[in-house]
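Asker: To start, I am sharing the structure in question, which I have written as structure tokens.
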There are 4 protein chains.
Amino acid sequence: MIIILKPEASQAEIQAIHSAINRFNVIVQDITGENTSMIGLAGDTSAIPRESIERFACVERVMKVQEPYKLAGRRFHPDNTIVESRGSKLGGGHFAVMAGPCSVESEEQILSVAQEIKRSGATFLRGGAFKPRSSPYAFQGLGLDGLELLVVARRKTGLPIVTELMSTEYLDAFARDVDVIQIGARNMQNFTLLREVGGLKKPVLLKRGLSSTIEELLMAAEYVMAAGCKDVMLCERGIRTFETATRNTLDLSAVPVLKEKTHLPIIVDPSHATGRWALVPSMALAAVASGADGLIIEVHNSPETALCDGAQSITPHVFHDLMGRINRVAEAVKAD
Amino acid sequence: MIIILKPEASQAEIQAIHSAINRFNVIVQDITGENTSMIGLAGDTSAIPRESIERFACVERVMKVQEPYKLAGRRFHPDNTIVESRGSKLGGGHFAVMAGPCSVESEEQILSVAQEIKRSGATFLRGGAFKPRSSPYAFQGLGLDGLELLVVARRKTGLPIVTELMSTEYLDAFARDVDVIQIGARNMQNFTLLREVGGLKKPVLLKRGLSSTIEELLMAAEYVMAAGCKDVMLCERGIRTFETATRNTLDLSAVPVLKEKTHLPIIVDPSHATGRWALVPSMALAAVASGADGLIIEVHNSPETALCDGAQSITPHVFHDLMGRINRVAEAVKAD
Amino acid sequence: MIIILKPEASQAEIQAIHSAINRFNVIVQDITGENTSMIGLAGDTSAIPRESIERFACVERVMKVQEPYKLAGRRFHPDNTIVESRGSKLGGGHFAVMAGPCSVESEEQILSVAQEIKRSGATFLRGGAFKPRSSPYAFQGLGLDGLELLVVARRKTGLPIVTELMSTEYLDAFARDVDVIQIGARNMQNFTLLREVGGLKKPVLLKRGLSSTIEELLMAAEYVMAAGCKDVMLCERGIRTFETATRNTLDLSAVPVLKEKTHLPIIVDPSHATGRWALVPSMALAAVASGADGLIIEVHNSPETALCDGAQSITPHVFHDLMGRINRVAEAVKAD
Amino acid sequence: MIIILKPEASQAEIQAIHSAINRFNVIVQDITGENTSMIGLAGDTSAIPRESIERFACVERVMKVQEPYKLAGRRFHPDNTIVESRGSKLGGGHFAVMAGPCSVESEEQILSVAQEIKRSGATFLRGGAFKPRSSPYAFQGLGLDGLELLVVARRKTGLPIVTELMSTEYLDAFARDVDVIQIGARNMQNFTLLREVGGLKKPVLLKRGLSSTIEELLMAAEYVMAAGCKDVMLCERGIRTFETATRNTLDLSAVPVLKEKTHLPIIVDPSHATGRWALVPSMALAAVASGADGLIIEVHNSPETALCDGAQSITPHVFHDLMGRINRVAEAVKAD
């Protein structure tokens, strides 16, 4: 932590800051130049309330130096985490694809899609039972009935289930039936939910919020991990920017940045990022080339009649072709 | 709703779209020019799944025309809503200020601040018992104990309490003890919470998400209102942009835009928007001049030792001065 | 400047950085803790190439501490700059309004608008002769003919002329005929133009770029001032964000932030910021309350037939009313 | 173009709009529903001043339907443009890499880098002679001397030169010496410069502005093309968002979006987008996988001592390795 002082700071004022910091066990160093004076703090500064220090009249601003996440950070956990569920692995060199419809609509639909994506090489089945919709009047998902249909599809295909939890109300059902619990972008900072889901100690797929920084995403993972969960997968799914040609702006540079900072696997969702199915294949390939550990892709057998997100779903046929290209690019990147 | 067609769309393809729309009871009109063809739909198009229409091969894109909110919209409710709680009114010409500390820390603290802000003219007491913190290691508020202290402060001052609910777990306690239930920016699209809180039919203060559009804010209010609540106050508290000189960018033009679109009262939070106490007074005055119905301001008796948000809290003394200026500007604007 | 080191940095590596910094005359201090090590530099660090330092393998990142602007900064020029032109003053307590049409269209139009806005209390006449248009097929302004009409309007009203220069090609004409030379948002980092215009030593109105930070705006002013100009006015005119309800997002908190950092006058342009005339009055009043030194407002006698920006222009009648309210708010704020 | 009417619009008001539109030769269709009324316009609506129509009291808003670019658009030019310079081709299936230092520093430096990148497979030499720097006190490039050194490097290697033009002042020198004229992000809407450079009819590399939409980028290309130039290459180089972990956010989804809308070649600049050399390789590979026609990469023989942008330059050695991987990914993507 660095405390930048105003040029007019007096010795007495600087002394008052020293006193305030004294009780924290950190190394304190004054750095005094002609027009700039600072106080440098080294050691564990996480307990120092930065905002209160900023409130001292002689302080211009306070800059953080240390990363605020410990469990999610690579510093103390250099080895990549590998998440495994029912034999499907993701992370640490295991590239995997999750696929399935935006929402579960019927047994026939989810079974048919599950079988098709499995045949094409996907190793996780995604599908929404509870849907976060911006309108209270829109289709909200089949709920627990949808969860049941996912379980049926898992029984038939063996694929582990990935589905979103929106409320602590259904924690028990998810603990029992779901393999990978997804926390959606809109709930990335629903801290109560993060803590509760972390307590289940099941794999969690945590989506980046639309306006969340990479550091905030890691802090959200820290919440889940502090509650006991070790298997968190982080998902880049587009951030909100001024550009309106795509629904969101896929921030692929987040992939190598996250790889530096964390040992957790990184997944990319090209479907929600672009919002348009025609852009999904090129962004899926780009994600693979960027070094992502996995993809999550919306596949629907009949996008024209889908109850939600039809515009961004690809058909099983397009998905099948895409999987071939994904594998070739993954191979080309690895070959290095 | 307008369906923009690709120039190469065939008559058969256009006919297929007509068939798909047929079952909805809307007026359909083809508009065909040399390089542009469209289909215009008038009437209640809210049930038409826009995304599925976009999936037709001959469709370039679909544009919405109608506002998707009904209860929150001004169209069917031209008169301004006035929220009243324990005699304090806000909206429809009743300007009001909510003030208090970021978090309740002790009985002495909350009582002293409550009495001071009341003396200065605030008519609602705000204070956090449950705090959403981006780090799991940071102070998370006093919880139910904090709620109790707020109740004590209300008993002494008569001021209605405004405090944030983060989880459905505490719905009963909030229903019993709290006058205005705040939904924080990070939970603006926690749709489960919105529905549950709406069911209590108590006044709700809904904060705009950091990256939420004005339309999304209105749709979140629609969720609360669809559950039965009529008294929703909307709060602009800064959005996330590229500028880092302030914590967020206060979007004051949202005030007149919201005034056009909704009958609900609009509140501005200059403390969270700027993140720096020295900027709070000028932004508070600007908010009043922009036409806001109220302000919510962080006031702390000892910002240097505050357990959270010390940097953005003003002292009771600064608040007192500010209230004088706020009243003068409110008068000057009204004088029109 | 603070150099944050990687935890694995060796003594030899740290020594290499010291050697690289040695030749700059700054105070260097090592700060070494258990998990964080840094090197603090105080004094004039402006000549140290930050990016090269970041390239050392043992460096995690480099943080700037000092402000990079000197002429524009308040540190060495505590007193507010007052710009004066033909008797009209702006800044340092002199509040002023610039008004006029988006583009000069005819002698009759510019004369009539100029006389009306003068009557209402504006003290500068703005009007575009050269128009930056995003389409090459749109009306590009009357050019030098437009300039001549502005000169006629000045002769009749005595109001100093504010108009935009887009190219060094017309420097001589502007030097001769224009009182305040406007640099538009799209040219805020056209460094050649900044230097050339600064060399004229005439008052300059510098608009903030759509995605420029406050620091970049100050650095652009620094370019103008380094070329010899002292009278730079900074103009906040909305930044680009995800919100589409307004053309841009007016960043009013930039006003008090700039007031801290610079002695230059700050102007707000509510017309371009919002893009909709109905929002102009409330944002103009908010700007005054925020502490701006002046406003620049588009006024057109017949917005429905305006050759550009009709949607954001107010009529002389609305402007007249607004001026009354502006004066009342300015009075209320000052009264403090 | 669609004109959305307010629900209270009277027949007389609608008639007034019809009259205003009458003189343009377009097809006009009223669409009237219970709560929505619109007027649809088909045909060439480019001459209709949208903003003036929005000024009519009965109009809620006006939506554009048609693309405003003609020369740059794919609609009337379905075939991909291939740019060729001194035997190097880019676009329409010809993938190419441009490489070289941020700025030309000396004959030795530029010659050595040019030879190395050529050996690794680059087919264009980039290097800055005139540098846009946010500080007037920073190194501004060698200017015409730098241009001369680039010419020397071309003579030795045969590689065509790509370098940035910042001002019309040097048009003649660039016309004579430069093969591909780069317009930087900060000048993307310097319309005077666009027009002048277009008149030279030499290949132009047009970089997307930091906050420019894809449509604005295409309109900037339209300026260049309207002046006579056919060989415009568009360059995605990162946009400005709230994320600070990278200098800008590389918007790779712009690549497939642009591919739909335009026949012009698309280049990606991973160096400026990320601002950190360690992220350049993964973003370069992702760009290839996304379907880009080319890359432009900063390569410096000694980044630690570079006069600018050292932090984002890779060494010739890293570049050589990267070229191997780029070729493998390009092969894998094409193999489809």
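Ordered as shown in the structure tokens, chains take letters A, B, and onward, while each chain numbers its residues from 1 and ligands are numbered from 1 in the order shown.
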Find the residues around B:Gly73 up to 8 Å (only C-alpha atoms counted), leave out those fewer than 4 positions away in its own chain, and share them as a list in words.

Answerer: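 My list of contacting residues is Tyr69, His77, Leu218, Lys261, Thr262 and His263 of chain B.
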
Asker: Could those residues be written to a file, using N, CA and C atoms, as a PDB file, in the first residue's frame?

Answerer:
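Result file out-v8.pdb:
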ATOM      1  N   TYR B  69     -42.226  -2.009 -20.139  1.00  0.00           N
ATOM      2  CA  TYR B  69     -42.740  -1.905 -18.754  1.00  0.00           C
ATOM      3  C   TYR B  69     -44.109  -1.232 -18.782  1.00  0.00           C
ATOM      4  N   HIS B  77     -49.939   5.607 -16.183  1.00  0.00           N
ATOM      5  CA  HIS B  77     -50.028   6.206 -14.839  1.00  0.00           C
ATOM      6  C   HIS B  77     -49.413   7.586 -14.898  1.00  0.00           C
ATOM      7  N   LEU B 218     -35.946   0.197 -14.997  1.00  0.00           N
ATOM      8  CA  LEU B 218     -37.409   0.233 -14.996  1.00  0.00           C
ATOM      9  C   LEU B 218     -37.984  -1.181 -15.005  1.00  0.00           C
ATOM     10  N   LYS B 261     -40.269   8.895 -18.463  1.00  0.00           N
ATOM     11  CA  LYS B 261     -40.723   7.528 -18.685  1.00  0.00           C
ATOM     12  C   LYS B 261     -41.539   6.947 -17.539  1.00  0.00           C
ATOM     13  N   THR B 262     -41.317   7.447 -16.316  1.00  0.00           N
ATOM     14  CA  THR B 262     -41.965   6.798 -15.174  1.00  0.00           C
ATOM     15  C   THR B 262     -42.587   7.817 -14.223  1.00  0.00           C
ATOM     16  N   HIS B 263     -43.547   7.344 -13.461  1.00  0.00           N
ATOM     17  CA  HIS B 263     -44.206   8.151 -12.435  1.00  0.00           C
ATOM     18  C   HIS B 263     -43.563   7.953 -11.068  1.00  0.00           C
TER      19      HIS B 263
END

Asker: Should the cut-off be 9 Å, what would the residue list for chain B against chain C look like, counting only C-alpha atoms, as a ChimeraX atom specification?

Answerer: /B:211-215,239-246,249-257,273-274,278-279,281-291,321,324-326,328-333,335-336

Asker: As an mmCIF file with N, CA and C atoms, in the first residue's frame, please: the residues near A:Leu159 (cut-off 7 Å, only C-alpha atoms, same-chain neighbours under 2 positions excluded).

Answerer:
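The new file out.cif reads:
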data_model
loop_
_atom_site.group_PDB
_atom_site.id
_atom_site.type_symbol
_atom_site.label_atom_id
_atom_site.label_comp_id
_atom_site.auth_asym_id
_atom_site.auth_seq_id
_atom_site.Cartn_x
_atom_site.Cartn_y
_atom_site.Cartn_z
ATOM 1 N N THR A 123 -18.581 -32.737 -23.364
ATOM 2 C CA THR A 123 -18.477 -33.630 -22.201
ATOM 3 C C THR A 123 -19.247 -33.118 -20.986
ATOM 4 N N PHE A 124 -19.930 -31.997 -21.132
ATOM 5 C CA PHE A 124 -20.833 -31.507 -20.085
ATOM 6 C C PHE A 124 -22.128 -31.066 -20.773
ATOM 7 N N LEU A 125 -23.276 -31.287 -20.117
ATOM 8 C CA LEU A 125 -24.561 -30.830 -20.651
ATOM 9 C C LEU A 125 -25.012 -29.594 -19.887
ATOM 10 N N ARG A 154 -29.119 -36.788 -18.082
ATOM 11 C CA ARG A 154 -27.840 -37.286 -17.556
ATOM 12 C C ARG A 154 -27.855 -38.814 -17.491
ATOM 13 N N THR A 157 -27.304 -40.145 -20.980
ATOM 14 C CA THR A 157 -26.056 -39.834 -21.695
ATOM 15 C C THR A 157 -24.811 -39.960 -20.817
ATOM 16 N N ILE A 161 -24.310 -32.524 -15.429
ATOM 17 C CA ILE A 161 -25.235 -31.407 -15.661
ATOM 18 C C ILE A 161 -24.662 -30.095 -15.140
#

Asker: May I have all residues of stretch 130-185 of chain B that DSSP, computed from the backbone, assigns to alpha helix (DSSP H), given as a count of residues only?

Answerer: 21

Asker: So which residues of stretch 188-326 of chain B fall under strand (DSSP E or B) by DSSP, listed as a PyMOL selection string?

Answerer: chain B and resi 204-207+232-236+239+249+251+262+266-268+294-299+314

Asker: Limited to C-alpha atoms, could you put the picked residues into a file as a tab-separated table (two decimals), in the first residue's frame?

Answerer:
chain	number	residue	atom	x	y	z
B	204	VAL	CA	-38.69	-0.08	-1.80
B	205	LEU	CA	-35.61	1.95	-2.72
B	206	LEU	CA	-34.19	0.33	-5.84
B	207	LYS	CA	-30.65	1.25	-6.81
B	232	VAL	CA	-40.81	2.00	-5.57
B	233	MET	CA	-38.21	4.76	-5.51
B	234	LEU	CA	-35.50	4.60	-8.17
B	235	CYS	CA	-31.97	5.60	-7.28
B	236	GLU	CA	-29.23	6.78	-9.64
B	239	ILE	CA	-22.56	3.84	-13.52
B	249	THR	CA	-19.78	8.21	-13.14
B	251	ASP	CA	-25.42	9.83	-14.72
B	262	THR	CA	-41.96	6.80	-15.17
B	266	ILE	CA	-36.12	9.50	-8.48
B	267	ILE	CA	-33.41	9.71	-5.84
B	268	VAL	CA	-29.71	10.44	-6.37
B	294	GLY	CA	-34.60	13.25	-3.20
B	295	LEU	CA	-31.04	12.53	-2.15
B	296	ILE	CA	-29.41	9.80	-0.12
B	297	ILE	CA	-26.17	10.92	1.50
B	298	GLU	CA	-23.63	9.17	3.71
B	299	VAL	CA	-22.96	11.06	6.92
B	314	ILE	CA	-19.28	13.73	5.05

Asker: Need the shell around B:Ile39: protein/DNA/RNA residues with any atom at most 7 Å away, counting only C-alpha atoms. Skip same-chain ones fewer than 5 positions apart. Format as a compact mmCIF listing (two decimals) with C-alpha atoms, in the first residue's frame?

Answerer:
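Okay, this is what ended up in part.txt:
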# COMPACT_ATOMS: atom_id res chain seq x y z
CA ILE B 2 -40.12 -3.70 -36.79
CA ILE B 3 -38.68 -6.66 -38.65
CA ILE B 4 -35.90 -5.56 -40.98
CA VAL B 28 -48.99 -6.38 -39.67
CA GLN B 29 -47.84 -4.14 -42.49
CA ASP B 30 -45.24 -4.85 -45.20
CA ILE B 31 -43.08 -1.92 -46.26

Asker: Kindly indicate which residue among A:Ser19, A:Thr163, A:Thr45, A:Thr81 lies nearest to A:Asp177, using only C-alpha atoms for the distances.

Answerer: A:Thr163

Asker: Quick one: residues within 9 Å of C:Val83, only C-alpha atoms, excluding same-chain residues fewer than 4 positions away - as a PyMOL selection string?

Answerer: chain C and resi 88-92+203+230-233+264-265

Asker: I want to know what sits within 12 Å of D:Ala138, based on only C-alpha atoms, with residues of the same chain fewer than 6 positions away left out; could you give that as an mmCIF file with C-alpha atoms, in the first residue's frame?

Answerer:
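File part01.cif, as written:
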data_model
loop_
_atom_site.group_PDB
_atom_site.id
_atom_site.type_symbol
_atom_site.label_atom_id
_atom_site.label_comp_id
_atom_site.auth_asym_id
_atom_site.auth_seq_id
_atom_site.Cartn_x
_atom_site.Cartn_y
_atom_site.Cartn_z
ATOM 1 C CA SER C 46 8.757 12.638 -15.573
ATOM 2 C CA ALA C 47 11.808 11.718 -17.639
ATOM 3 C CA ILE C 48 11.854 8.067 -16.523
ATOM 4 C CA PRO C 49 10.377 5.880 -19.277
ATOM 5 C CA ARG C 50 7.806 3.958 -17.265
ATOM 6 C CA PRO C 68 2.024 14.666 -15.704
ATOM 7 C CA TYR C 69 0.723 18.183 -16.399
ATOM 8 C CA MET C 219 -2.724 16.701 -21.124
ATOM 9 C CA TYR C 223 -0.172 20.688 -25.450
ATOM 10 C CA LYS D 131 4.299 9.489 -32.903
ATOM 11 C CA PRO D 132 1.065 10.672 -31.292
ATOM 12 C CA LEU D 307 11.929 5.132 -26.584
ATOM 13 C CA CYS D 308 8.229 4.287 -26.539
ATOM 14 C CA ASP D 309 5.849 1.387 -25.970
#

Asker: So that I can see what lies close to D:Met166, please list as a short mmCIF file (atom, residue, chain, number, x, y, z; two decimals) with C-alpha atoms, in the first residue's frame the residues with an atom at most 8 Å from it, counting only C-alpha atoms and leaving out residues fewer than 3 positions away in the same chain.

Answerer:
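Below you can see part_24.cif, which holds the result:
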data_model
loop_
_atom_site.label_atom_id
_atom_site.label_comp_id
_atom_site.auth_asym_id
_atom_site.auth_seq_id
_atom_site.Cartn_x
_atom_site.Cartn_y
_atom_site.Cartn_z
CA ASN C 190 -5.10 15.75 -32.79
CA THR C 192 -0.61 18.71 -34.45
CA PHE D 130 5.66 10.59 -36.28
CA LYS D 131 4.30 9.49 -32.90
CA PRO D 132 1.07 10.67 -31.29
CA ILE D 183 -4.33 6.71 -39.75
CA GLY D 184 -4.13 6.29 -35.99
CA ASN D 187 -7.32 10.60 -35.84
CA LEU D 193 -7.07 14.14 -42.76
#

Asker: To one decimal place, how far is atom CA of A:Ser37 from atom CA of B:Thr315 in Å?

Answerer: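 A separation of 27.0 Å between them.
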